[in-house]
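Note: the block below is input22.txt and it holds compact mmCIF, C-alpha atoms and all ligand atoms.
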# COMPACT_ATOMS: atom_id res chain seq x y z
CA THR A 2 0.00 0.00 0.00
CA ALA A 3 1.22 3.46 -0.87
CA ARG A 4 1.76 5.66 2.15
CA PRO A 5 0.03 9.05 2.15
CA LEU A 6 2.13 11.90 0.85
CA ALA A 7 2.88 14.70 3.29
CA ASP A 8 2.19 18.13 1.81
CA PRO A 9 5.71 19.62 1.22
CA ALA A 10 4.52 23.10 2.30
CA VAL A 11 3.27 21.74 5.62
CA VAL A 12 6.46 19.80 6.19
CA LEU A 13 8.39 23.02 5.48
CA GLN A 14 6.38 24.86 8.15
CA ARG A 15 7.15 22.09 10.62
CA ARG A 16 10.82 22.35 9.67
CA ASP A 17 10.78 26.09 10.40
CA ALA A 18 9.11 25.48 13.75
CA SER A 19 11.61 22.94 15.06
CA PHE A 20 14.88 23.42 13.13
CA ALA A 21 16.88 26.62 13.73
CA ARG A 22 15.88 28.87 10.86
CA VAL A 23 19.38 30.23 10.47
CA GLN A 24 20.13 26.85 8.87
CA GLU A 25 18.59 27.95 5.58
CA HIS A 26 17.12 25.84 2.82
CA TYR A 27 17.54 26.28 -0.92
CA TYR A 28 14.65 27.88 -2.86
CA VAL A 29 11.52 29.71 -1.81
CA ALA A 30 9.37 26.60 -2.27
CA PRO A 31 11.84 23.74 -2.31
CA PRO A 32 10.93 20.33 -3.67
CA GLN A 33 10.72 17.70 -0.96
CA ILE A 34 13.43 15.25 -1.86
CA GLU A 35 12.93 11.60 -1.14
CA ARG A 36 15.70 9.74 -2.86
CA GLY A 37 18.90 10.14 -4.82
CA TRP A 38 20.55 8.11 -7.54
CA LYS A 39 23.94 8.97 -9.10
CA HIS A 40 23.71 12.68 -9.98
CA HIS A 41 19.92 12.80 -9.74
CA LEU A 42 17.57 13.75 -6.92
CA ILE A 43 13.95 12.64 -6.98
CA ASP A 44 11.13 14.35 -5.08
CA ILE A 45 8.11 12.78 -3.41
CA TYR A 46 6.07 13.12 -6.59
CA GLY A 47 8.68 11.33 -8.69
CA GLN A 48 10.00 14.49 -10.36
CA SER A 49 13.70 14.06 -11.04
CA TYR A 50 16.35 16.81 -10.86
CA VAL A 51 19.93 16.90 -12.09
CA ASP A 52 21.97 17.74 -9.00
CA MET A 53 24.59 20.29 -10.09
CA VAL A 54 25.40 21.45 -6.58
CA ASN A 55 26.25 18.45 -4.41
CA ASN A 56 30.01 18.38 -4.08
CA VAL A 57 29.71 16.29 -0.93
CA THR A 58 28.14 13.35 -2.73
CA THR A 59 31.20 12.87 -4.91
CA VAL A 60 30.60 9.31 -6.08
CA GLY A 61 26.88 9.92 -6.50
CA HIS A 62 23.72 9.44 -4.48
CA GLY A 63 22.50 6.07 -3.28
CA HIS A 64 25.68 4.19 -4.15
CA PRO A 65 25.08 0.51 -3.36
CA ARG A 66 28.72 -0.14 -2.41
CA ILE A 67 28.58 2.53 0.28
CA ALA A 68 25.25 1.26 1.57
CA GLU A 69 26.72 -2.24 1.77
CA ALA A 70 29.97 -1.09 3.42
CA ALA A 71 27.99 0.83 6.06
CA ARG A 72 25.60 -2.05 6.70
CA SER A 73 28.28 -4.68 7.04
CA GLN A 74 30.62 -2.55 9.18
CA TRP A 75 27.79 -1.52 11.52
CA SER A 76 26.84 -5.10 12.13
CA LEU A 77 30.47 -6.13 12.68
CA LEU A 78 32.01 -3.35 14.77
CA ASN A 79 31.83 0.36 15.39
CA THR A 80 33.91 1.93 18.13
CA ASN A 81 36.48 4.69 18.63
CA SER A 82 40.10 5.13 17.73
CA ARG A 83 41.43 4.37 21.21
CA PHE A 84 40.78 0.76 20.27
CA HIS A 85 42.99 -1.09 17.82
CA TYR A 86 41.43 -2.19 14.50
CA GLU A 87 42.73 -2.51 10.97
CA GLU A 88 40.29 -0.20 9.13
CA LEU A 89 41.94 2.83 10.72
CA VAL A 90 45.39 1.76 9.61
CA ARG A 91 44.25 0.98 6.08
CA PHE A 92 42.52 4.35 5.73
CA THR A 93 45.30 6.52 7.17
CA GLU A 94 47.91 4.67 5.08
CA ARG A 95 45.82 5.26 1.98
CA LEU A 96 45.39 8.98 2.72
CA ALA A 97 49.08 9.41 3.49
CA GLU A 98 49.88 7.71 0.17
CA LEU A 99 47.60 10.12 -1.69
CA ALA A 100 49.11 13.18 -0.02
CA PRO A 101 52.21 14.79 -1.55
CA ASP A 102 55.59 14.14 0.12
CA PRO A 103 56.53 14.88 2.86
CA LEU A 104 52.99 14.86 4.29
CA ASP A 105 52.68 11.46 5.93
CA THR A 106 50.65 11.79 9.13
CA VAL A 107 46.86 11.83 9.37
CA PHE A 108 44.33 13.04 11.96
CA LEU A 109 40.74 11.84 11.50
CA VAL A 110 37.80 14.04 12.50
CA ASN A 111 34.18 14.48 11.36
CA SER A 112 33.88 17.62 9.24
CA GLY A 113 35.66 20.37 7.36
CA THR A 114 35.17 22.77 10.25
CA GLU A 115 36.86 20.37 12.65
CA ALA A 116 39.71 19.79 10.22
CA VAL A 117 40.31 23.55 9.82
CA ASP A 118 40.08 24.14 13.56
CA LEU A 119 42.61 21.41 14.21
CA ALA A 120 44.92 22.63 11.42
CA LEU A 121 45.02 26.08 13.04
CA ARG A 122 45.81 24.56 16.43
CA LEU A 123 48.63 22.52 14.85
CA ALA A 124 50.09 25.68 13.34
CA PHE A 125 49.93 27.63 16.61
CA SER A 126 51.54 24.83 18.57
CA TYR A 127 54.27 24.17 15.98
CA THR A 128 55.31 27.79 15.50
CA GLY A 129 54.49 29.40 18.85
CA HIS A 130 53.44 32.41 16.74
CA ASP A 131 50.31 34.53 17.12
CA THR A 132 48.75 35.52 13.77
CA VAL A 133 46.98 33.70 10.95
CA LEU A 134 46.73 35.16 7.44
CA SER A 135 43.53 34.45 5.56
CA VAL A 136 42.22 35.76 2.23
CA ARG A 137 39.07 37.86 2.00
CA GLU A 138 35.84 36.31 0.74
CA ALA A 139 36.86 32.89 2.06
CA TYR A 140 34.77 30.39 4.00
CA HIS A 141 36.45 27.75 6.18
CA GLY A 142 33.76 26.60 8.63
CA TRP A 143 31.62 27.56 11.59
CA SER A 144 33.54 26.85 14.83
CA MET A 145 35.03 29.85 16.67
CA ALA A 146 38.41 29.37 15.00
CA ALA A 147 37.23 28.30 11.52
CA ASP A 148 34.73 31.15 11.51
CA ALA A 149 37.44 33.57 12.61
CA VAL A 150 39.43 32.93 9.42
CA SER A 151 36.27 33.17 7.27
CA SER A 152 35.48 36.59 5.85
CA SER A 153 32.81 35.94 3.23
CA VAL A 154 30.26 38.71 3.63
CA ALA A 155 27.63 36.56 1.95
CA ASP A 156 27.86 34.24 4.95
CA ASN A 157 28.33 37.01 7.53
CA PRO A 158 27.62 40.65 6.52
CA ARG A 159 29.75 41.96 9.42
CA ALA A 160 32.64 39.60 8.73
CA LEU A 161 35.18 42.26 7.78
CA ASP A 162 34.74 44.29 10.99
CA THR A 163 34.49 41.46 13.45
CA ARG A 164 37.56 39.27 12.92
CA PRO A 165 39.47 38.61 16.16
CA ASP A 166 42.94 40.10 16.67
CA TRP A 167 44.80 36.92 15.77
CA VAL A 168 43.41 36.98 12.21
CA HIS A 169 44.89 39.21 9.53
CA LEU A 170 42.92 39.38 6.28
CA ILE A 171 44.77 39.83 3.02
CA GLU A 172 43.48 40.83 -0.41
CA ALA A 173 41.40 38.21 -2.24
CA PRO A 174 43.61 37.06 -5.14
CA ASN A 175 40.77 37.15 -7.65
CA ALA A 176 42.47 37.70 -11.00
CA VAL A 177 39.13 38.11 -12.80
CA ARG A 178 37.36 40.79 -10.83
CA GLY A 179 39.67 41.50 -7.86
CA LYS A 180 41.93 44.44 -7.09
CA TYR A 181 44.49 43.28 -9.68
CA ARG A 182 43.36 41.45 -12.79
CA GLY A 183 44.84 39.20 -15.42
CA PRO A 184 46.95 36.04 -15.50
CA HIS A 185 50.09 37.94 -14.47
CA SER A 186 48.58 39.64 -11.44
CA ALA A 187 50.20 37.39 -8.79
CA ARG A 188 53.23 39.70 -8.51
CA ARG A 189 51.05 42.67 -7.59
CA TYR A 190 49.12 40.74 -4.95
CA LEU A 191 52.48 39.63 -3.53
CA VAL A 192 53.71 43.23 -3.34
CA ASP A 193 50.60 44.02 -1.27
CA LEU A 194 51.33 40.99 0.90
CA ASP A 195 54.88 42.23 1.51
CA GLY A 196 53.33 45.42 2.82
CA ASP A 197 51.01 43.45 5.13
CA LEU A 198 53.88 41.35 6.44
CA GLN A 199 56.01 44.42 7.12
CA ALA A 200 53.13 46.06 9.00
CA LEU A 201 52.67 42.92 11.12
CA GLU A 202 56.40 42.85 11.88
CA ASP A 203 56.29 46.53 12.90
CA ASP A 204 53.48 45.58 15.31
CA GLU A 205 55.62 42.72 16.66
CA ARG A 206 53.18 40.14 15.40
CA THR A 207 54.42 36.76 14.19
CA VAL A 208 52.94 34.56 11.46
CA ALA A 209 51.70 31.14 12.60
CA ALA A 210 49.95 30.20 9.37
CA PHE A 211 48.48 31.17 6.04
CA ILE A 212 45.22 29.44 5.16
CA ALA A 213 43.54 29.46 1.74
CA GLU A 214 41.73 27.26 -0.71
CA PRO A 215 44.13 26.43 -3.58
CA VAL A 216 41.36 27.28 -6.03
CA PHE A 217 39.16 30.11 -4.83
CA GLY A 218 36.08 27.97 -4.19
CA ASN A 219 33.94 30.36 -2.25
CA ALA A 220 34.28 32.96 -5.01
CA GLY A 221 32.97 30.38 -7.50
CA GLY A 222 35.98 28.31 -8.52
CA VAL A 223 38.32 31.08 -9.61
CA LEU A 224 41.81 29.76 -10.40
CA LEU A 225 44.51 31.68 -8.54
CA PRO A 226 46.93 33.63 -10.73
CA ASP A 227 50.04 31.62 -11.65
CA GLY A 228 52.73 31.76 -9.02
CA TYR A 229 50.48 33.20 -6.33
CA LEU A 230 50.60 30.34 -3.83
CA ALA A 231 54.32 29.72 -4.42
CA GLY A 232 54.98 33.39 -3.64
CA VAL A 233 52.81 33.40 -0.52
CA TYR A 234 54.17 30.08 0.77
CA ASP A 235 57.79 31.32 0.38
CA ARG A 236 57.05 34.50 2.29
CA VAL A 237 55.12 32.77 5.07
CA ARG A 238 57.78 30.09 5.50
CA ALA A 239 60.54 32.69 5.56
CA ARG A 240 58.79 34.03 8.69
CA GLY A 241 58.50 30.59 10.26
CA GLY A 242 54.79 30.14 9.51
CA LEU A 243 53.01 27.08 8.13
CA CYS A 244 50.92 26.92 4.95
CA ILE A 245 47.48 25.33 5.20
CA ALA A 246 45.68 24.25 2.03
CA ASP A 247 41.94 23.95 2.60
CA GLU A 248 41.05 21.23 0.09
CA VAL A 249 37.59 20.64 1.59
CA GLN A 250 35.85 21.75 -1.60
CA VAL A 251 38.32 21.67 -4.44
CA GLY A 252 40.53 18.72 -3.55
CA TYR A 253 39.93 14.96 -3.78
CA ALA A 254 39.81 14.59 -7.59
CA ARG A 255 37.16 17.22 -8.29
CA LEU A 256 39.47 19.30 -10.49
CA GLY A 257 39.78 16.34 -12.86
CA ARG A 258 43.34 16.86 -14.01
CA TYR A 259 44.54 17.20 -10.41
CA PHE A 260 43.71 15.25 -7.28
CA TRP A 261 44.81 18.16 -5.06
CA GLY A 262 44.15 21.81 -5.77
CA THR A 263 47.72 22.68 -4.76
CA GLU A 264 49.02 20.69 -7.77
CA GLN A 265 47.45 23.31 -10.03
CA GLN A 266 49.62 25.93 -8.30
CA ASN A 267 52.69 23.68 -8.13
CA VAL A 268 53.13 23.88 -4.38
CA VAL A 269 53.16 21.49 -1.45
CA PRO A 270 51.51 22.77 1.74
CA ASP A 271 52.49 21.93 5.31
CA ILE A 272 48.94 20.97 6.25
CA ILE A 273 45.99 19.77 4.15
CA THR A 274 42.39 19.84 5.36
CA ILE A 275 39.78 17.61 3.71
CA ALA A 276 36.18 16.58 4.42
CA LYS A 277 32.98 16.61 2.31
CA ALA A 278 33.90 14.30 -0.60
CA MET A 279 35.88 11.83 1.49
CA GLY A 280 32.73 10.50 3.17
CA ASN A 281 30.28 11.05 0.30
CA GLY A 282 27.91 12.53 2.90
CA HIS A 283 28.96 10.43 5.88
CA PRO A 284 30.57 12.89 8.34
CA LEU A 285 34.29 12.58 7.76
CA GLY A 286 37.16 15.04 7.89
CA ALA A 287 40.94 14.79 8.03
CA VAL A 288 44.10 16.77 8.50
CA ILE A 289 47.26 15.55 6.78
CA THR A 290 50.61 16.97 7.79
CA ARG A 291 54.27 16.23 8.40
CA ARG A 292 55.20 13.97 11.30
CA GLU A 293 57.15 16.71 13.12
CA VAL A 294 54.11 19.04 13.09
CA ALA A 295 51.91 16.31 14.54
CA GLU A 296 54.58 15.40 17.15
CA ARG A 297 54.89 18.97 18.39
CA PHE A 298 51.11 19.06 18.91
CA ALA A 299 51.33 15.81 20.87
CA ASP A 300 53.64 17.51 23.40
CA ALA A 301 50.57 19.40 24.68
CA GLY A 302 48.65 16.21 25.45
CA PRO A 303 46.54 13.62 23.62
CA PHE A 304 43.97 14.40 20.95
CA PHE A 305 40.75 12.43 20.73
CA SER A 306 37.60 12.56 18.60
CA SER A 307 34.86 10.12 19.64
CA ALA A 308 33.67 9.29 16.14
CA GLY A 309 36.65 10.54 14.13
CA GLY A 310 38.37 7.51 12.63
CA SER A 311 35.72 5.02 13.76
CA PRO A 312 35.70 1.68 11.92
CA LEU A 313 32.50 2.80 10.18
CA SER A 314 34.00 6.10 9.03
CA CYS A 315 37.19 4.43 7.85
CA ARG A 316 35.28 1.72 5.98
CA ILE A 317 33.16 4.33 4.23
CA GLY A 318 36.21 6.49 3.49
CA LEU A 319 38.02 3.50 1.97
CA THR A 320 34.96 2.52 -0.06
CA VAL A 321 34.67 6.06 -1.48
CA LEU A 322 38.29 5.87 -2.63
CA ASP A 323 37.73 2.38 -4.11
CA ILE A 324 34.70 3.61 -6.05
CA MET A 325 36.57 6.66 -7.32
CA ARG A 326 39.32 4.36 -8.61
CA ASP A 327 37.06 1.61 -10.02
CA GLU A 328 34.69 4.04 -11.77
CA ASP A 329 37.51 6.29 -12.92
CA LEU A 330 35.73 9.34 -11.54
CA GLN A 331 38.72 11.67 -11.63
CA SER A 332 38.96 11.11 -15.41
CA ASN A 333 35.21 11.57 -15.72
CA ALA A 334 35.52 14.88 -13.88
CA GLU A 335 38.18 15.94 -16.36
CA ILE A 336 36.33 14.82 -19.51
CA VAL A 337 32.80 15.92 -18.59
CA GLY A 338 34.16 19.04 -16.89
CA ARG A 339 36.01 20.12 -20.04
CA HIS A 340 32.88 19.54 -22.13
CA LEU A 341 30.75 21.49 -19.66
CA LYS A 342 33.18 24.39 -19.39
CA HIS A 343 33.36 24.64 -23.17
CA GLY A 344 29.54 24.75 -23.33
CA LEU A 345 29.41 27.43 -20.63
CA GLU A 346 31.96 29.53 -22.50
CA ARG A 347 29.84 29.27 -25.63
CA LEU A 348 26.84 30.52 -23.66
CA GLY A 349 29.10 33.37 -22.53
CA GLU A 350 29.60 34.32 -26.18
CA ARG A 351 25.83 34.46 -26.71
CA PHE A 352 24.67 36.20 -23.54
CA ASP A 353 26.02 39.42 -21.98
CA LEU A 354 24.65 38.32 -18.64
CA VAL A 355 27.59 35.88 -18.42
CA GLY A 356 30.54 37.91 -17.19
CA ALA A 357 33.02 35.08 -16.71
CA VAL A 358 33.33 31.31 -16.56
CA TYR A 359 35.64 29.92 -13.87
CA GLY A 360 37.21 26.71 -12.72
CA MET A 361 38.22 23.34 -14.06
CA GLY A 362 37.06 19.74 -13.89
CA LEU A 363 33.73 19.56 -12.13
CA TYR A 364 34.33 22.67 -10.08
CA LEU A 365 33.03 25.45 -12.30
CA GLY A 366 31.49 28.88 -11.78
CA VAL A 367 29.48 31.21 -13.99
CA GLU A 368 29.54 34.84 -12.91
CA LEU A 369 26.37 36.71 -13.85
CA VAL A 370 26.75 40.46 -14.40
CA SER A 371 24.42 43.24 -15.50
CA ASP A 372 27.33 45.27 -16.95
CA ARG A 373 30.25 43.38 -18.40
CA ALA A 374 32.71 46.27 -18.39
CA LYS A 375 32.03 47.16 -14.76
CA PHE A 376 31.43 43.59 -13.62
CA THR A 377 28.24 44.69 -11.85
CA PRO A 378 26.86 41.64 -10.00
CA ALA A 379 23.48 40.44 -11.33
CA THR A 380 22.35 39.08 -7.96
CA VAL A 381 18.61 39.19 -8.59
CA ALA A 382 18.97 37.58 -12.02
CA ALA A 383 21.07 34.80 -10.47
CA ALA A 384 18.33 33.99 -7.95
CA ARG A 385 15.66 34.07 -10.69
CA LEU A 386 17.74 31.88 -12.91
CA CYS A 387 18.09 29.23 -10.20
CA GLU A 388 14.30 29.21 -9.63
CA GLU A 389 13.70 28.87 -13.38
CA LEU A 390 16.20 26.04 -13.67
CA LEU A 391 14.47 24.22 -10.84
CA LEU A 392 11.29 24.22 -12.92
CA ARG A 393 13.34 22.58 -15.69
CA GLY A 394 14.58 19.85 -13.37
CA ILE A 395 17.97 21.27 -12.46
CA ILE A 396 19.35 22.13 -9.04
CA VAL A 397 22.05 24.79 -8.98
CA GLN A 398 22.80 27.63 -6.55
CA PRO A 399 24.70 30.95 -6.47
CA THR A 400 27.78 31.70 -4.35
CA GLY A 401 30.29 34.54 -3.78
CA ASP A 402 30.09 37.79 -1.85
CA PHE A 403 27.29 39.01 -4.16
CA LYS A 404 25.56 35.65 -4.63
CA ASN A 405 25.84 36.08 -8.39
CA VAL A 406 28.15 33.20 -9.31
CA LEU A 407 26.51 29.91 -10.23
CA LYS A 408 28.48 27.26 -8.44
CA ILE A 409 28.64 24.12 -10.53
CA LYS A 410 29.98 21.20 -8.52
CA PRO A 411 27.94 18.06 -9.24
CA PRO A 412 28.76 14.49 -8.23
CA LEU A 413 31.79 13.34 -10.23
CA CYS A 414 29.71 10.71 -12.04
CA LEU A 415 27.88 13.44 -14.03
CA SER A 416 27.22 12.19 -17.57
CA VAL A 417 27.73 14.13 -20.81
CA ALA A 418 23.98 13.76 -21.47
CA SER A 419 23.09 15.43 -18.16
CA ALA A 420 25.72 18.14 -18.72
CA ASP A 421 24.09 18.84 -22.11
CA HIS A 422 20.64 18.90 -20.53
CA PHE A 423 21.91 21.50 -18.06
CA LEU A 424 23.55 23.59 -20.80
CA HIS A 425 20.40 23.52 -22.91
CA ALA A 426 18.18 24.60 -20.01
CA LEU A 427 20.66 27.28 -18.92
CA GLY A 428 20.71 28.66 -22.49
CA GLU A 429 16.92 28.82 -22.52
CA VAL A 430 16.71 30.65 -19.20
CA LEU A 431 19.57 33.04 -20.08
CA GLY A 432 17.64 33.81 -23.27
CA GLU A 433 14.46 34.58 -21.33
CA LEU A 434 16.29 36.75 -18.79
CA SER A 435 18.08 38.65 -21.56
CA ASP A 436 14.81 39.57 -23.34
N1 LIG B 501 36.34 24.70 4.20
C1 LIG B 501 35.74 24.96 3.03
C2 LIG B 501 36.54 25.48 1.88
C3 LIG B 501 34.37 24.77 2.90
O1 LIG B 501 33.77 25.02 1.74
C4 LIG B 501 33.63 24.26 4.00
C5 LIG B 501 32.13 23.99 3.92
N2 LIG B 501 31.43 24.64 2.96
C6 LIG B 501 34.31 24.01 5.20
C7 LIG B 501 35.66 24.22 5.25
C8 LIG B 501 33.58 23.48 6.40
O2 LIG B 501 33.20 22.16 6.20
P1 LIG B 501 32.00 21.50 7.03
O3 LIG B 501 30.73 22.09 6.53
O4 LIG B 501 32.15 20.03 6.73
O5 LIG B 501 32.22 21.79 8.47
Any chance you could give the structure as C-alpha cells?
Amino acid sequence: TARPLADPAVVLQRRDASFARVQEHYYVAPPQIERGWKHHLIDIYGQSYVDMVNNVTTVGHGHPRIAEAARSQWSLLNTNSRFHYEELVRFTERLAELAPDPLDTVFLVNSGTEAVDLALRLAFSYTGHDTVLSVREAYHGWSMAADAVSSSVADNPRALDTRPDWVHLIEAPNAVRGKYRGPHSARRYLVDLDGDLQALEDDERTVAAFIAEPVFGNAGGVLLPDGYLAGVYDRVRARGGLCIADEVQVGYARLGRYFWGTEQQNVVPDIITIAKAMGNGHPLGAVITRREVAERFADAGPFFSSAGGSPLSCRIGLTVLDIMRDEDLQSNAEIVGRHLKHGLERLGERFDLVGAVYGMGLYLGVELVSDRAKFTPATVAAARLCEELLLRGIIVQPTGDFKNVLKIKPPLCLSVASADHFLHALGEVLGELSD
C-alpha cells in the first residue's frame, strides 16, 4: 500500500518550527526530496532533478557499495580510535599515500570545520606564533576558529569588521574581478602581501599560518593567478609560519586533471584539510601533515575525537576511494568538466549576462553580471535563474560575496547527457532573462 504523501509546504512549516531557521534551505518553495541516484535527486512526486550542486556526494547518491559497506561494518564493529582495529590503519595509510611528500601523518575528525580548527591549532603549537593570514571572501567553517578565518560577507555581513585580533585578512587574489586582474597579477598581490607582512612585523606580530583554498572555491571556482601560492608560501615560511591548504571543496579529484588543488599551483603545503567528498555525505574530515608538526602538537597532550576515525567512518572512506578508482571518476571529472566548461563559455559568447566562466574539472562557476565592463553583479537575475532552472529539473545555486556566481559542482559521475541537458536549459533561461 502506498503511504500518504505529506504536503511539502506543511512539512516546510514544521521544519521552520523545530529546526533553527538560520540553517537555511535552498529555494523559496523547495521540492521535498525523497531519494537520490547517481547525480539525480527525486522528489516525493517522482519528479527528477539533475543535481549540479552536491560536491559532498562525490561518487553519487545512493551508491550501493557505500550502503553495503555501512551495513556490514555496523553489524560487525563500530567503536572509537582508542581501540585497535585494521580499518583505521588501512585508511590513514591510503590517505598518506595520496598526499604529496613529505605529508605522511593523518588526523581523523568528522567535518571540514573540525579539520580547519585542528589545522590552526597545529600551526599555533608548531610555531608558537600569534597571527593567521587568511584571504578575503573565504569560507572555512563555523567553529570559533574556523569562523574567525572566514570573511565571506555573503555568509556574515559583518565579517570584515568582526575578525578577532589573531586573524589578519589579506586581499582576495581574484584575478578576474579583484583588485588586480589578469593572468600575471600574482606579482602585484604579492607586493601588497609584503606590505602586510612588514606592518605585522612593525606591530611585533608573528605569522603562525596562512590558510587558503588552492582554487578560490567560495568565489565560484576562480583559479589563482600563476605563481600566487608559491609566492605566498615562500614568504610565510621565511617568517617561520606554516601553509594550510583547505582542500575541503576543491581537492579529492574534483578538479579532474589534479587530485589536489595545490598541484594546479605547483606547491606542497604543510597541512591539508579535507572533508565533504571523502565520506560522500557520511561525516568525515581529516588533517594531513608532516610527522614533526603532529609530534609537536602531541607535546601538549593527547587528541581524541569520539567518532573521528571510527571503523564505520574508515570503511566508508576506503569505499569512497575504491569507487573513485574503479569508476575512474577523476577522469570523468576531467572529460565531462572540459565539455561542460566549453559549453558554458559558448553561452558566454551568446549572452552578456555571463561575465566570466571559472574553474576546471567539475568545479566550475558562472559569474552573472548586468554590466560586463564594470562587472556589476546580477544578484537578482542569479536567484531568478536558479528558480527557473528548478522548474526545468535542475538544481544549482549561487555563491560569492554578491551571490551572483553559479556554483557548478555536481557528483563526479555526471554524464555528458546530463551536462548537455543542463547547458540547454541554462541557455533557454539566459535567453528569457536577456529579453
Ligand atoms: N572549508 C571549506 C573550503 C568549505 O567550503 C567548508 C564547507 N562549505 C568548510 C571548510 C567546512 O566544512 P563542514 O561544513 O564540513 O564543516
Near-A:Leu243 list (7 Å; all atoms listed in the file; drop same-chain fewer than 6 positions) as a CSV table (one decimal) with C-alpha atoms, keeping the file's coordinate frame:
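File written: around.csv
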chain,number,residue,atom,x,y,z
A,124,ALA,CA,50.1,25.7,13.3
A,209,ALA,CA,51.7,31.1,12.6
A,210,ALA,CA,50.0,30.2,9.4
A,211,PHE,CA,48.5,31.2,6.0
A,237,VAL,CA,55.1,32.8,5.1
A,271,ASP,CA,52.5,21.9,5.3
**Study point:** Long-range neighbours of stretch 357-369 of chain A as a PyMOL selection string, 9 Å cut-off, all atoms listed in the file, 3 positions minimum in chain
**Key:** chain A and resi 56+177+216-218+220-224+250-251+254-259+331-339+341-342+345-346+349+353-354+373+376-380+382-383+399-400+405-413+415
Exercise for review: Please write out the residues within 8 Å of ligand LIG 501 (chain B) as a list in words, counting only C-alpha atoms and all ligand atoms.
Suggested key: Asn111, Ser112, Gly113, Thr114, Glu115, Ala116, Val117, Ala139, Tyr140, His141, Gly142, Trp143, Ala147, Glu214, Gly218, Asn219, Asp247, Glu248, Val249, Gln250, Val251, Thr274, Ile275, Ala276, Lys277, Pro284, Leu285 and Gly286 of chain A
Store the residues of this selection in a file with C-alpha atoms, as a PDB file, in the coordinates of the input.
ATOM      1  CA  ASN A 111      34.180  14.480  11.360  1.00  0.00           C
ATOM      2  CA  SER A 112      33.880  17.620   9.240  1.00  0.00           C
ATOM      3  CA  GLY A 113      35.660  20.370   7.360  1.00  0.00           C
ATOM      4  CA  THR A 114      35.170  22.770  10.250  1.00  0.00           C
ATOM      5  CA  GLU A 115      36.860  20.370  12.650  1.00  0.00           C
ATOM      6  CA  ALA A 116      39.710  19.790  10.220  1.00  0.00           C
ATOM      7  CA  VAL A 117      40.310  23.550   9.820  1.00  0.00           C
ATOM      8  CA  ALA A 139      36.860  32.890   2.060  1.00  0.00           C
ATOM      9  CA  TYR A 140      34.770  30.390   4.000  1.00  0.00           C
ATOM     10  CA  HIS A 141      36.450  27.750   6.180  1.00  0.00           C
ATOM     11  CA  GLY A 142      33.760  26.600   8.630  1.00  0.00           C
ATOM     12  CA  TRP A 143      31.620  27.560  11.590  1.00  0.00           C
ATOM     13  CA  ALA A 147      37.230  28.300  11.520  1.00  0.00           C
ATOM     14  CA  GLU A 214      41.730  27.260  -0.710  1.00  0.00           C
ATOM     15  CA  GLY A 218      36.080  27.970  -4.190  1.00  0.00           C
ATOM     16  CA  ASN A 219      33.940  30.360  -2.250  1.00  0.00           C
ATOM     17  CA  ASP A 247      41.940  23.950   2.600  1.00  0.00           C
ATOM     18  CA  GLU A 248      41.050  21.230   0.090  1.00  0.00           C
ATOM     19  CA  VAL A 249      37.590  20.640   1.590  1.00  0.00           C
ATOM     20  CA  GLN A 250      35.850  21.750  -1.600  1.00  0.00           C
ATOM     21  CA  VAL A 251      38.320  21.670  -4.440  1.00  0.00           C
ATOM     22  CA  THR A 274      42.390  19.840   5.360  1.00  0.00           C
ATOM     23  CA  ILE A 275      39.780  17.610   3.710  1.00  0.00           C
ATOM     24  CA  ALA A 276      36.180  16.580   4.420  1.00  0.00           C
ATOM     25  CA  LYS A 277      32.980  16.610   2.310  1.00  0.00           C
ATOM     26  CA  PRO A 284      30.570  12.890   8.340  1.00  0.00           C
ATOM     27  CA  LEU A 285      34.290  12.580   7.760  1.00  0.00           C
ATOM     28  CA  GLY A 286      37.160  15.040   7.890  1.00  0.00           C
TER      29      GLY A 286
END
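Proximity ranking of A:Ser73, A:Ser82, A:Thr207, A:Thr58 relative to A:Phe125 places A:Thr207 first, based on only C-alpha atoms.
Distance check against A:Ile34 using only C-alpha atoms: of A:Leu104, A:Ala418, A:Ile171, A:Ile396, the minimum falls on A:Ile396.
Restricting the calculation to all atoms listed in the file, the smallest distance between A:Met325 and any of A:Asn281, A:Ile273, A:Gly241, A:Arg347 is found for A:Asn281.
Candidate residues A:Leu123, A:Leu322, A:Ile317, A:Leu386 were compared for distance to A:Trp75, and the nearest is A:Ile317, using only C-alpha atoms.
The residue that comes closest to A:Asp300, out of A:Asp227, A:Leu330, A:Ala384, A:Tyr127 and on the basis of all atoms listed in the file, is A:Tyr127.
Our summary of the geometry notes that atom CA of A:Gly280 is positioned 26.6 Å from atom CA of A:Ala155.
Note that atom CA of A:Glu296 and atom CA of A:His283 are 28.4 Å apart.
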Study note, to complete from the structure: Counting all atoms listed in the file, the residue among A:Gly344, A:Gly394, A:Gly432, A:Pro174 that lies closest to A:His41 is A:Gly394
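Between atom CA of A:His64 and atom CA of A:Ala10 the interatomic distance comes to 29.1 Å.
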Point to revise | 6 Å contact set for A:Ile289, only C-alpha atoms, chain neighbours under 4 positions out, as a ChimeraX atom specification | key: /A:106-107,272-273
Check your understanding: What would the list of residues within 10 Å of (45.9, 9.0, 2.8) (file frame) look like as a list in words, if all atoms listed in the file are what count?
Key -> Val90, Arg91, Phe92, Thr93, Glu94, Arg95, Leu96, Ala97, Glu98, Leu99, Ala100, Pro101, Leu104, Asp105, Thr106, Val107, Ala287, Val288, Ile289, Leu319 and Leu322 of chain A
Check your understanding: Within 10 Å of A:Val168, counting only C-alpha atoms, which residues qualify if same-chain residues fewer than 2 places away don't, as number ranges by chain?
Key -> A: 131-135, 146, 149-151, 164-166, 170-171, 208, 210-211
Applying 8 Å and all atoms listed in the file, which residues near stretch 182-190 of chain A remain after dropping the ones on its own chain fewer than 6 positions away? List them as a compact mmCIF listing (two decimals) with C-alpha atoms, keeping the file's coordinate frame.
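For reference, around.txt as written:
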# COMPACT_ATOMS: atom_id res chain seq x y z
CA GLU A 172 43.48 40.83 -0.41
CA PRO A 174 43.61 37.06 -5.14
CA ASN A 175 40.77 37.15 -7.65
CA ALA A 176 42.47 37.70 -11.00
CA PRO A 226 46.93 33.63 -10.73
CA ASP A 227 50.04 31.62 -11.65
CA GLY A 228 52.73 31.76 -9.02
CA TYR A 229 50.48 33.20 -6.33
